[in-house]
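*Asks:* One file is attached below, structure04.cif, containing mmCIF, C-alpha atoms and all ligand atoms.
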data_run
#
loop_
_atom_site.label_atom_id
_atom_site.label_comp_id
_atom_site.auth_asym_id
_atom_site.auth_seq_id
_atom_site.Cartn_x
_atom_site.Cartn_y
_atom_site.Cartn_z
CA MET A 1 -22.16 -12.87 70.08
CA THR A 2 -24.30 -15.90 69.75
CA ALA A 3 -23.48 -18.61 72.22
CA THR A 4 -22.34 -21.96 70.97
CA ASP A 5 -21.02 -25.00 72.72
CA THR A 6 -17.65 -24.61 71.00
CA ASP A 7 -17.03 -20.98 71.90
CA THR A 8 -14.91 -20.96 75.05
CA GLU A 9 -15.28 -17.19 75.42
CA ALA A 10 -19.06 -17.36 75.48
CA GLN A 11 -20.81 -16.24 78.64
CA VAL A 12 -23.71 -18.50 77.74
CA LEU A 13 -23.06 -22.09 76.71
CA VAL A 14 -25.70 -24.14 74.93
CA GLU A 15 -25.54 -27.90 74.97
CA HIS A 16 -27.94 -30.04 72.96
CA THR A 17 -28.21 -33.16 75.06
CA GLY A 18 -30.33 -35.20 72.64
CA ASP A 19 -33.68 -36.62 73.69
CA GLY A 20 -35.30 -33.29 72.83
CA THR A 21 -33.63 -31.19 75.52
CA ALA A 22 -30.97 -28.51 75.78
CA ILE A 23 -28.93 -27.10 78.66
CA VAL A 24 -28.27 -23.36 78.73
CA ARG A 25 -25.43 -22.57 81.10
CA ILE A 26 -24.47 -19.12 82.38
CA ASN A 27 -20.69 -18.94 82.30
CA ARG A 28 -19.17 -15.84 83.87
CA PRO A 29 -17.48 -17.27 86.95
CA GLU A 30 -15.15 -14.33 87.56
CA ALA A 31 -18.17 -12.13 88.36
CA ARG A 32 -20.34 -14.77 89.98
CA ASN A 33 -22.42 -15.03 86.82
CA ALA A 34 -23.52 -11.40 87.20
CA LEU A 35 -25.82 -10.52 84.33
CA SER A 36 -23.99 -7.95 82.22
CA MET A 37 -25.72 -6.52 79.17
CA SER A 38 -23.64 -8.65 76.80
CA LEU A 39 -24.48 -11.76 78.82
CA ARG A 40 -28.17 -10.93 78.72
CA HIS A 41 -27.98 -10.46 74.95
CA GLU A 42 -26.31 -13.86 74.63
CA LEU A 43 -28.97 -15.41 76.84
CA ALA A 44 -31.76 -13.89 74.74
CA ASP A 45 -30.06 -15.01 71.51
CA ALA A 46 -29.73 -18.54 72.89
CA PHE A 47 -33.42 -18.74 73.82
CA HIS A 48 -34.53 -17.22 70.51
CA ALA A 49 -32.52 -19.88 68.67
CA LEU A 50 -33.92 -22.68 70.84
CA ALA A 51 -37.48 -21.39 70.38
CA GLY A 52 -37.00 -21.79 66.63
CA ASP A 53 -35.73 -25.34 67.00
CA ASP A 54 -38.72 -27.68 67.14
CA THR A 55 -36.53 -30.58 68.18
CA VAL A 56 -35.93 -28.92 71.56
CA LYS A 57 -38.93 -29.76 73.72
CA ALA A 58 -37.64 -28.57 77.11
CA VAL A 59 -34.72 -26.45 78.30
CA VAL A 60 -32.65 -26.56 81.48
CA LEU A 61 -31.23 -23.18 82.52
CA THR A 62 -28.34 -23.35 84.96
CA GLY A 63 -25.21 -21.63 86.25
CA SER A 64 -22.16 -22.91 88.07
CA ASP A 65 -21.96 -24.97 91.24
CA ARG A 66 -21.37 -21.73 93.19
CA ASP A 67 -23.71 -19.28 91.49
CA PHE A 68 -26.82 -19.48 89.39
CA ALA A 69 -26.43 -15.70 88.97
CA ALA A 70 -25.51 -13.01 91.53
CA GLY A 71 -27.85 -10.47 89.94
CA ALA A 72 -27.54 -7.71 87.42
CA ASP A 73 -23.98 -6.52 86.94
CA ILE A 74 -23.61 -3.79 89.54
CA ARG A 75 -20.65 -2.17 87.79
CA SER A 76 -22.69 -1.78 84.61
CA MET A 77 -25.31 0.21 86.49
CA MET A 78 -23.00 2.70 88.20
CA GLY A 79 -23.27 6.24 86.86
CA VAL A 80 -26.15 5.24 84.61
CA GLY A 81 -29.23 7.47 84.44
CA ALA A 82 -32.90 6.79 83.91
CA VAL A 83 -32.95 7.42 80.17
CA GLU A 84 -30.06 5.07 79.52
CA MET A 85 -31.71 2.41 81.71
CA TYR A 86 -34.90 2.89 79.71
CA GLN A 87 -33.05 2.67 76.41
CA ARG A 88 -31.42 -0.62 77.38
CA HIS A 89 -34.88 -2.20 77.02
CA THR A 90 -33.82 -5.20 79.03
CA GLU A 91 -37.45 -6.30 79.20
CA ARG A 92 -37.06 -7.43 75.57
CA LEU A 93 -34.14 -9.63 76.57
CA TRP A 94 -36.03 -11.23 79.46
CA ALA A 95 -39.02 -11.83 77.18
CA ALA A 96 -36.97 -14.36 75.21
CA ILE A 97 -37.03 -16.54 78.32
CA GLY A 98 -40.40 -15.61 79.82
CA ASP A 99 -42.17 -16.15 76.49
CA PHE A 100 -40.30 -19.32 75.57
CA PRO A 101 -43.05 -21.61 74.26
CA ARG A 102 -41.90 -24.84 75.84
CA PRO A 103 -40.98 -25.64 79.46
CA VAL A 104 -37.88 -24.10 81.01
CA ILE A 105 -36.44 -25.67 84.15
CA ALA A 106 -34.07 -23.58 86.28
CA ALA A 107 -31.42 -25.66 88.03
CA ILE A 108 -30.01 -23.57 90.88
CA ARG A 109 -26.89 -24.13 92.89
CA GLY A 110 -25.49 -21.40 95.13
CA ASN A 111 -26.54 -17.79 94.71
CA ALA A 112 -29.65 -16.71 92.85
CA LEU A 113 -29.80 -13.07 93.86
CA GLY A 114 -31.53 -9.98 92.49
CA GLY A 115 -31.73 -10.32 88.72
CA GLY A 116 -30.56 -13.92 89.19
CA LEU A 117 -33.67 -14.84 91.13
CA GLU A 118 -35.76 -12.82 88.68
CA LEU A 119 -34.24 -14.87 85.88
CA ALA A 120 -35.08 -18.11 87.69
CA MET A 121 -38.65 -16.92 88.16
CA ASN A 122 -38.96 -16.68 84.37
CA ALA A 123 -38.58 -20.46 84.32
CA ASP A 124 -41.53 -22.81 84.76
CA ILE A 125 -39.99 -25.22 87.25
CA ILE A 126 -37.17 -24.51 89.70
CA ILE A 127 -34.94 -27.29 91.05
CA ALA A 128 -32.69 -26.02 93.84
CA GLY A 129 -29.66 -27.58 95.47
CA GLU A 130 -29.51 -27.70 99.25
CA SER A 131 -26.94 -24.86 99.33
CA ALA A 132 -28.98 -22.48 97.19
CA ASN A 133 -29.17 -18.93 98.51
CA LEU A 134 -32.06 -16.88 97.16
CA GLY A 135 -33.00 -13.25 97.61
CA GLN A 136 -33.79 -9.81 96.25
CA PRO A 137 -31.02 -7.69 97.81
CA GLU A 138 -31.50 -4.67 95.52
CA VAL A 139 -32.75 -2.45 98.34
CA ARG A 140 -29.28 -2.58 99.87
CA LEU A 141 -27.94 -0.89 96.72
CA GLY A 142 -30.55 1.86 96.83
CA ILE A 143 -32.60 0.37 94.00
CA MET A 144 -35.33 -2.24 93.75
CA PRO A 145 -36.11 -5.37 91.76
CA GLY A 146 -36.91 -4.26 88.23
CA ALA A 147 -37.14 -7.38 86.11
CA GLY A 148 -40.20 -8.94 87.67
CA GLY A 149 -38.86 -9.40 91.19
CA THR A 150 -41.69 -7.61 92.94
CA GLN A 151 -44.45 -8.92 90.67
CA ARG A 152 -43.44 -12.51 90.01
CA LEU A 153 -42.41 -12.99 93.61
CA ILE A 154 -45.69 -11.76 95.11
CA ARG A 155 -47.60 -14.00 92.72
CA ALA A 156 -45.42 -16.98 93.63
CA VAL A 157 -45.25 -16.63 97.40
CA GLY A 158 -47.82 -14.05 98.49
CA LYS A 159 -47.58 -10.58 100.01
CA PHE A 160 -45.90 -11.20 103.32
CA GLN A 161 -42.98 -13.33 102.17
CA ALA A 162 -42.42 -11.14 99.08
CA MET A 163 -42.39 -8.03 101.25
CA ARG A 164 -39.94 -9.66 103.63
CA LEU A 165 -37.46 -10.55 100.89
CA CYS A 166 -37.70 -7.28 98.95
CA LEU A 167 -37.82 -4.90 101.92
CA THR A 168 -35.03 -6.46 103.99
CA GLY A 169 -32.75 -7.76 101.24
CA GLU A 170 -32.33 -10.91 103.35
CA THR A 171 -31.65 -14.17 101.63
CA ILE A 172 -33.33 -17.52 102.23
CA THR A 173 -32.20 -21.11 101.99
CA ALA A 174 -33.47 -23.69 99.54
CA ALA A 175 -35.40 -25.40 102.35
CA GLU A 176 -37.15 -22.14 103.23
CA ALA A 177 -37.85 -21.44 99.55
CA LEU A 178 -39.48 -24.86 99.27
CA THR A 179 -41.84 -24.17 102.18
CA TRP A 180 -42.74 -20.85 100.53
CA GLY A 181 -43.45 -22.50 97.18
CA LEU A 182 -40.67 -20.48 95.53
CA VAL A 183 -38.93 -23.62 94.25
CA SER A 184 -40.43 -26.85 92.93
CA SER A 185 -38.07 -29.22 94.73
CA VAL A 186 -34.79 -29.34 96.65
CA VAL A 187 -32.19 -32.03 96.02
CA PRO A 188 -28.55 -32.56 97.09
CA ASP A 189 -26.28 -30.09 95.27
CA ASP A 190 -24.57 -32.66 93.11
CA GLU A 191 -27.93 -33.97 91.89
CA VAL A 192 -29.40 -30.64 90.75
CA LEU A 193 -28.47 -30.87 87.08
CA THR A 194 -29.26 -34.60 86.91
CA GLU A 195 -32.69 -34.03 88.38
CA ALA A 196 -33.44 -31.03 86.14
CA THR A 197 -32.27 -32.94 83.07
CA ARG A 198 -34.29 -35.99 84.07
CA MET A 199 -37.39 -33.83 84.35
CA ALA A 200 -36.70 -32.08 81.03
CA LYS A 201 -36.32 -35.43 79.26
CA LYS A 202 -39.53 -36.69 80.82
CA ILE A 203 -41.41 -33.63 79.55
CA ALA A 204 -39.72 -33.94 76.14
CA HIS A 205 -41.25 -37.39 75.72
CA LEU A 206 -44.77 -36.16 76.45
CA PRO A 207 -47.09 -34.84 73.72
CA THR A 208 -45.59 -31.47 72.74
CA VAL A 209 -48.83 -29.79 71.70
CA ALA A 210 -50.42 -30.64 75.05
CA VAL A 211 -47.33 -29.50 76.97
CA GLU A 212 -47.30 -26.14 75.15
CA HIS A 213 -51.02 -25.57 75.73
CA ILE A 214 -50.73 -26.42 79.43
CA LYS A 215 -47.87 -23.95 79.89
CA GLU A 216 -49.73 -21.25 78.00
CA ALA A 217 -52.97 -21.74 79.93
CA LEU A 218 -51.22 -21.66 83.30
CA LEU A 219 -49.24 -18.50 82.54
CA LEU A 220 -51.90 -16.50 80.69
CA GLY A 221 -54.61 -17.65 83.07
CA GLU A 222 -52.68 -16.50 86.12
CA ASP A 223 -53.04 -12.86 85.05
CA ALA A 224 -56.61 -13.07 83.76
CA PRO A 225 -59.96 -12.92 85.57
CA LEU A 226 -61.03 -16.44 86.59
CA SER A 227 -63.89 -16.64 84.10
CA THR A 228 -61.56 -15.65 81.24
CA ALA A 229 -58.88 -18.05 82.44
CA LEU A 230 -61.38 -20.91 82.67
CA ALA A 231 -62.57 -20.17 79.12
CA LEU A 232 -58.96 -20.17 77.92
CA GLU A 233 -58.43 -23.52 79.63
CA ARG A 234 -61.56 -25.00 78.02
CA LYS A 235 -60.63 -23.72 74.56
CA SER A 236 -57.11 -25.06 74.93
CA LEU A 237 -58.45 -28.48 75.89
CA GLN A 238 -60.78 -28.41 72.90
CA VAL A 239 -57.86 -27.64 70.58
CA LEU A 240 -56.03 -30.70 71.93
CA PHE A 241 -58.92 -32.86 70.74
CA SER A 242 -57.62 -32.23 67.21
CA SER A 243 -54.15 -33.50 67.95
CA GLU A 244 -52.88 -36.85 66.73
CA ASP A 245 -51.15 -37.39 70.05
CA LYS A 246 -54.49 -37.26 71.89
CA GLU A 247 -55.82 -40.16 69.78
CA GLU A 248 -52.56 -42.04 70.25
CA GLY A 249 -52.46 -41.44 74.01
CA MET A 250 -56.00 -42.66 74.55
CA ALA A 251 -55.65 -45.61 72.16
CA ALA A 252 -52.43 -46.70 73.88
CA PHE A 253 -54.17 -46.60 77.25
CA VAL A 254 -57.09 -48.73 76.08
CA GLU A 255 -54.79 -51.16 74.21
CA ARG A 256 -52.47 -51.40 77.24
CA ARG A 257 -49.35 -50.45 75.26
CA ARG A 258 -46.80 -47.63 75.39
CA PRO A 259 -47.88 -44.59 73.39
CA GLU A 260 -45.81 -43.29 70.50
CA PHE A 261 -46.17 -39.54 70.40
CA HIS A 262 -45.13 -37.49 67.36
CA GLY A 263 -45.76 -33.94 68.58
CA ARG A 264 -48.72 -33.41 66.28
N1 LIG B 301 -22.35 -7.48 89.79
C1 LIG B 301 -21.04 -7.31 89.45
N2 LIG B 301 -20.05 -8.02 90.02
C2 LIG B 301 -20.37 -8.93 90.95
C3 LIG B 301 -21.71 -9.16 91.34
C4 LIG B 301 -22.72 -8.38 90.71
N3 LIG B 301 -24.04 -8.55 90.97
N4 LIG B 301 -21.71 -10.12 92.30
C5 LIG B 301 -20.43 -10.47 92.49
N5 LIG B 301 -19.61 -9.76 91.67
C6 LIG B 301 -18.16 -9.82 91.58
C7 LIG B 301 -17.51 -9.12 92.74
O1 LIG B 301 -17.45 -7.71 92.52
C8 LIG B 301 -16.14 -9.77 92.75
O2 LIG B 301 -15.36 -9.21 91.74
P1 LIG B 301 -13.82 -8.80 92.03
O3 LIG B 301 -13.16 -10.11 92.41
O4 LIG B 301 -13.36 -8.25 90.72
O5 LIG B 301 -13.86 -7.82 93.15
C9 LIG B 301 -16.46 -11.21 92.34
O6 LIG B 301 -17.72 -11.17 91.69
C10 LIG B 301 -16.58 -12.17 93.52
O7 LIG B 301 -17.55 -11.64 94.42
P2 LIG B 301 -17.28 -11.53 96.00
O8 LIG B 301 -15.85 -11.28 96.27
O9 LIG B 301 -18.26 -10.55 96.56
O10 LIG B 301 -17.64 -13.03 96.45
P3 LIG B 301 -18.27 -13.50 97.84
O11 LIG B 301 -18.14 -14.98 97.85
O12 LIG B 301 -17.70 -12.76 98.99
O13 LIG B 301 -19.83 -13.11 97.73
C11 LIG B 301 -21.96 -12.84 96.66
C12 LIG B 301 -20.63 -13.63 96.70
C13 LIG B 301 -22.79 -13.15 97.92
C14 LIG B 301 -22.71 -13.30 95.42
C15 LIG B 301 -21.64 -11.33 96.60
O14 LIG B 301 -20.72 -11.09 95.54
C16 LIG B 301 -22.82 -10.44 96.39
O15 LIG B 301 -23.52 -10.14 97.34
N6 LIG B 301 -23.06 -9.99 95.13
C17 LIG B 301 -24.04 -8.99 94.84
C18 LIG B 301 -25.45 -9.53 94.97
C19 LIG B 301 -26.46 -8.46 94.65
O16 LIG B 301 -26.53 -7.42 95.28
N7 LIG B 301 -27.26 -8.70 93.59
C20 LIG B 301 -28.24 -7.75 93.13
C21 LIG B 301 -27.65 -6.91 92.04
S1 LIG B 301 -28.75 -5.63 91.52
C22 LIG B 301 -29.89 -6.40 90.56
O17 LIG B 301 -29.86 -7.57 90.31
C23 LIG B 301 -30.92 -5.44 90.04
C24 LIG B 301 -31.86 -6.07 89.07
C25 LIG B 301 -32.66 -4.94 88.52
C26 LIG B 301 -33.26 -5.29 87.21
C27 LIG B 301 -32.24 -5.64 86.20
C28 LIG B 301 -32.80 -5.48 84.84
C29 LIG B 301 -32.34 -4.24 84.23
#
Rewrite the structure from the file as structure tokens, please.
Ligand code: CO8

*Replies:*
Amino acid sequence: MTATDTDTEAQVLVEHTGDGTAIVRINRPEARNALSMSLRHELADAFHALAGDDTVKAVVLTGSDRDFAAGADIRSMMGVGAVEMYQRHTERLWAAIGDFPRPVIAAIRGNALGGGLELAMNADIIIAGESANLGQPEVRLGIMPGAGGTQRLIRAVGKFQAMRLCLTGETITAAEALTWGLVSSVVPDDEVLTEATRMAKKIAHLPTVAVEHIKEALLLGEDAPLSTALALERKSLQVLFSSEDKEEGMAAFVERRRPEFHGR
């Protein structure tokens, strides 16, 4: 089922806020926003639709005030074997978020555990409320993170903190996550969505082609050898010299006026 903002049964609600942004809200409160397969399909559908909508320049991904997401749905994994897990191809569902071409800001209140934290790590910026509780508790269930939790975490925070989280299943606070570099900023709980939306709107008003190239260079470059990543960065910059918004941005600076960007 494709999520819409009028479908009260939807587990994923999409709100177009205007100003070039959208809010994607995980809505399964009875199970602490646990990521069932149907929910993950809805989430992927929502991001595919938003990717095809050029008017949406930045997306805020959030949950409830109690839970961003408490992980993969544990009930849906009981009695399931390796071949069925393989055939679920959940990596294709995550790719809709990880490969989203424009910035995604995760706004976390409460629990972001297991697959919930993995989901947040698919975003580009993470705003956490003071009460956020983050961790990779899979080991306590006899499994392990399997949607990027070992790999994205070690890249974000380094070996020793990633090992601590994944091997003990302990959770950390928002303040601790900030010192680790696992979140971008921490704000009072009731300001999380406001802050994430403010940031999304700010990005939405910046030159889209530049924003997309910056995101692409950062993400692709992270996994490439430095010389390749530096070449990618240079080439991306060179491409931006063909954009109308580059001429407008520089002209506006010199003429001491506000720029008018058109995303071209
Ligand atoms: N899956 C299914 N149901 C859940 C989940 C979950 N992850 N988390 C909570 N629920 C359900 C509970 O079963 C309960 O349902 P019911 O009322 O029917 O018994 C309801 O939500 C409320 O939960 P609690 O009563 O436990 O609420 P508490 O306030 O006591 O605790 C917590 C909240 C801390 C969030 C707690 O529920 C908890 O620890 N949840 C599990 C966290 C966890 O272990 N997450 C990791 C799951 S495994 C995972 O994510 C693997 C990813 C691997 C890759 C996935 C890609 C394929």

*Asks:* Quick one: pull the distance between atom CA of His48 of chain A and atom CA of Asn111 of chain A, Å, one decimal.

*Replies:*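 That distance, rounded to one decimal, is 25.5 Å.
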
*Asks:* Find the residue from A:Ala49, A:Ile172, A:Ala252, A:Ala200 that sits nearest to Thr17 of chain A; use all atoms listed in the file when measuring.

*Replies:*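 Counting all atoms listed in the file, the residue closest to Thr17 of chain A is A:Ala200.
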
*Asks:* How far is it from atom CA of Ser131 of chain A to atom CA of Ala204 of chain A, in Å with one decimal?

*Replies:*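 Separation between atom CA of Ser131 of chain A and atom CA of Ala204 of chain A: 28.0 Å.
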
*Asks:* Go through A:Asn133, A:Thr173, A:Thr55, A:Asn27 one by one, measure the shortest atom-to-atom distance of each to ligand LIG 301 (chain B) using all atoms listed in the file, and give the residue with the smallest value.

*Replies:*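 Among the listed residues, A:Asn133 lies closest to ligand LIG 301 (chain B).
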
*Asks:* Excluding Gly135 of chain A and any residue of its chain fewer than 3 positions from it, enumerate the residues within 9 Å of it, using all atoms listed in the file, and give them as a PyMOL selection string.

*Replies:* chain A and resi 111-114+116-117+138+165-166+169-172

*Asks:* Per residue of segment 5-116 of chain A within 10 Å of segment 178-184 of chain A, what are the shortest atom pair and its distance in Å to one decimal, counting only C-alpha atoms, with rows by chain and residue number, as a tab-separated table?

*Replies:*
residue	atom	partner	partner_atom	distance
A:Ile105	CA	A:Ser184	CA	9.7
A:Ala106	CA	A:Val183	CA	9.3
A:Ala107	CA	A:Val183	CA	10.0
A:Ile108	CA	A:Val183	CA	9.5

*Asks:* Set the cut-off to 10 Å, count only C-alpha atoms and all ligand atoms, and list whatever residues fall near ligand LIG 301 (chain B) as JSON, numbers by chain.

*Replies:* {"A": [28, 29, 30, 31, 32, 33, 34, 35, 36, 37, 40, 66, 67, 68, 69, 70, 71, 72, 73, 74, 75, 76, 77, 85, 86, 88, 89, 90, 91, 93, 94, 110, 111, 112, 113, 114, 115, 116, 117, 118, 119, 133, 135, 136, 137, 138, 139, 140, 141, 142, 143, 144, 145, 146, 147, 148, 149, 169, 171]}

*Asks:* With 5 Å added on each side, what axis-aligned box encloses every listed atom of segment 87-95 of chain A? Give the centre and edge lengths in Å to one decimal, as AutoDock Vina command-line options.

*Replies:*
--center_x -35.2 --center_y -4.6 --center_z 77.5 --size_x 17.6 --size_y 24.5 --size_z 13.9

*Asks:* Restricting the calculation to only C-alpha atoms, which member of A:Arg257, A:Ala224, A:Ala210, A:Arg164 is positioned closest to Glu244 of chain A?

*Replies:*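 Using only C-alpha atoms, the shortest distance to Glu244 of chain A belongs to A:Ala210.
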
*Asks:* Please indicate the distance in Å from atom CA of Asp124 of chain A to atom CA of Val104 of chain A, rounded to one decimal place.

*Replies:*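 Taking atom CA of Asp124 of chain A as the start and atom CA of Val104 of chain A as the end point, the length is 5.4 Å.
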
*Asks:* Could you check which of A:Ile214, A:Ile203, A:Leu39, A:Ala82 is closest to Asp19 of chain A, using only C-alpha atoms?

*Replies:*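 For Asp19 of chain A, the nearest of the candidates is A:Ile203.
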
*Asks:* I'd like to know which of A:Gln87, A:Glu247, A:Ile23, A:Gly81 is closest to Thr194 of chain A, using only C-alpha atoms.

*Replies:*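 When distances to Thr194 of chain A are compared using only C-alpha atoms, the smallest one comes from A:Ile23.
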
*Asks:* How would you write as a list in words the residues that get within 9 Å of (-54.5, -17.6, 79.4) in the file's frame, counting only C-alpha atoms?

*Replies:*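 Protein, DNA and RNA residues close to (-54.5, -17.6, 79.4): Glu216, Ala217, Leu218, Leu219, Leu220, Gly221, Glu222, Asp223, Ala224, Thr228, Ala229, Leu230, Ala231, Leu232 and Glu233 of chain A.
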